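Q: Shown below is the structure under consideration.
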Amino acid sequence: MKRIFSGMQPTGNLHLGNYLGALKNWVKLQDDYECYYCVVDLHALTLPQDPATLRKAIREVACAYIAAGIDTNKSTLCVQSCMPAHTELSWLLSTLTPLGWMNRMTQFKDKAGKNRDLQLLGLYSYPILMAADILIYQASHVPVGEDQKQHLELTRDVAIAFNNRYGAYFTIPEPLIMGEAARIMSLRDGAKKMSKSDTSDYSRINLTDDADTIMLKIRKAKTDPEPLPDTLEDLAKRPEAQNLVSIYAAMADRPLEGVLREHAGETFSTFKKDLADLTIAKLVPITNRMRELMADPAEIDAILAKGAEKANALTQKHLKEIKERVGLWV
Ligand code: TRP
């Protein structure tokens with residue numbers, strides 16, 4: 001069976017972009033793949049984290065996976081730092097990765113800005129840990145957003161380097177790039193991605209927002225004074241309008257074109273009312289479930305312990321085979 005691995009960092013508030021851009025798709029993949037969905041806590045350490053906040057955020061992300069519809073009878077839900085094979089493989093892969101490959105990573109360049117010398121090694125080497133996450137499972141498919149595509153290409157290159165050196169072992173993973181429609185932008189600026197780290201809470205809908213807050217944030221979302229256009233071409237020229245229509249389409253699981261045909265000519269105040277109703281109808285059951293799960297940490301902790309057991313069984317088996325190939329003492 002085809003195997004999926006994907007992960008999300010436990011940093012800050014989960015929001016509508018995480019749901020529509022990742023979780024909703026992960027849920028759909030469960031029937032056709034053997035899925036491992038991981039809370040990648042080690043990755044979160046590439047930025048300074050407060051220990052108590054981090055621990056709570058790990059649980060919160062795990063709760064969001066389940067509330068969004070990840071079924072732990074079908075898929076394995078685990079926390080990265082519970083499986084030591086991830087970091088062990090990461091070291092082995094780093095011995096096969098030329099610096100030139102790392103220096104090409106655009107995400108590091110963007111995050112580092114001009115102050116390269118002050119950046120931490122972990123932020124620089126993080127794509128190798130991500131490669132290890134994927135390869136240690138022998139995952140065949142990895143659902144990721146557009147922004148992670150380059151890291152997945154690096155993963156494939158490193159896997160090929162290993163296979164050339166030690167004989168064919170790793171499955172070369174394919175990206176499953178999540179659709180354009182699921183690129184959710186800030187509610188305050190149609191040119192910026194909806195983000196956990198945006199200082200304005202009005203820029204995003206959090207997975208913990210209640211119905212009134214969702215209504216208010218959508219009502220206040222930035223738009224222009226024109227009514228909804230009737231062609232995709234005209235819509236594309238108006239980033240904020242495009243974002244709201246895209247959110248509607250993703251929420252309703254319908255193509256953008258159909259949504260536009262139905263609502264063309266409406267004012268945004270009318271459309272926003274519809275969008276808020278739809279968003280509340282879909283999201284509130286999830287946020288309620290999430291609050292229930294958060295209130296019972298023992299249940300979620302037991303699910304994570306079971307997931308770690310299963311993930312450790314698989315990753316330790318692979319790690320042993322890898323070490324044998326490399327000539328390490330096993
Ligand atoms: N780097 C990813 C992100 O920031 C998270 C991640 C870490 C990941 N390891 C992964 C995603 C493995 C997919 C597969 O979004």
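In the structure tokens, chains take the letters A, B, ... in the order shown, each chain's residues start at 1, and ligands count up from 1 in the order shown.
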10 Å from ligand 1 is the threshold here; counting only C-alpha atoms and all ligand atoms, which polymer residues fall inside it? Answer as an NGL selection string.
A: :A and (4-11 or 18 or 22 or 36-44 or 80 or 86 or 107 or 126-135 or 139 or 141-149 or 151-152 or 155 or 175)
Q: Step one, run DSSP on the backbone; step two, keep only residues of range 163-306 of chain A assigned to strand (DSSP E); then write them as a list of chain:residue names.
A: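 Checking each residue of range 163-306 of chain A, the strand (DSSP E) ones are A:Glu174, A:Pro175, A:Leu176, A:Ile177.
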Q: Excluding same-chain residues fewer than 3 positions from range 221-228 of chain A, what lies within 10 Å of it counting only C-alpha atoms, as a PyMOL selection string?
A: chain A and resi 186-190+202-204+216-218+231+234-235+238-245+260-261+263-272
Q: Which residues are close to Gly122 in chain A, i.e. within 8 Å by only C-alpha atoms, leaving aside same-chain residues fewer than 2 positions away? Reply as a list of chain:residue names.
A: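 Contacts, in chain order: A:Leu45, A:Thr46, A:Leu120, A:Tyr124, A:Ser125, A:Tyr126.
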Q: Pull the helix (DSSP H, G or I) assignments for range 106-298 of chain A out of DSSP run on the backbone, and list those residues as a PyMOL selection string.
A: chain A and resi 106-112+116-118+121-135+146-166+180-182+201-203+211-220+232-236+239-252+256-263+268-294+297-298
Q: Would you give me, as CSV, each residue of range 172-256 of chain A having an atom within 12 Å of an atom of range 61-67 of chain A, along with its shortest atom pair and that distance in Å to one decimal, using only C-alpha atoms and sorting by chain and residue number?
A:
```
residue,atom,partner,partner_atom,distance
A:Asn206,CA,A:Ala64,CA,11.0
A:Leu207,CA,A:Ala64,CA,7.8
A:Thr208,CA,A:Ala64,CA,9.5
```
Q: Using only C-alpha atoms, which of A:Ala191, A:Ile177, A:Ile136, A:Leu123 sits nearest Thr315 in chain A?
A: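 Distance minimum relative to Thr315 in chain A lands on A:Ile136.
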Q: Which residue is closest to Arg3 in chain A? Choose from A:Thr279, A:Thr106, A:Asn73, A:Thr171 and count only C-alpha atoms.
A: A:Thr171
Q: Considering only C-alpha atoms, return as a list in words whatever protein or nucleic-acid residues lie within 8 Å of Ile172 in chain A, sequence-local ones (same chain, fewer than 6 positions apart) excluded.
A: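 Contacts, with the query itself left out: Gln138, Ala139, Ser140, Arg156, Ala159 and Ile160 of chain A.
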Q: Considering only C-alpha atoms, can you say which of A:Ala250, A:Val259, A:Ala311, A:Ile58 comes closest to Lys282 in chain A?
A: A:Ala250
Q: So how far away is CA of Asp201 in chain A from CA of Leu23 in chain A, in Å?
A: 20.9 Å
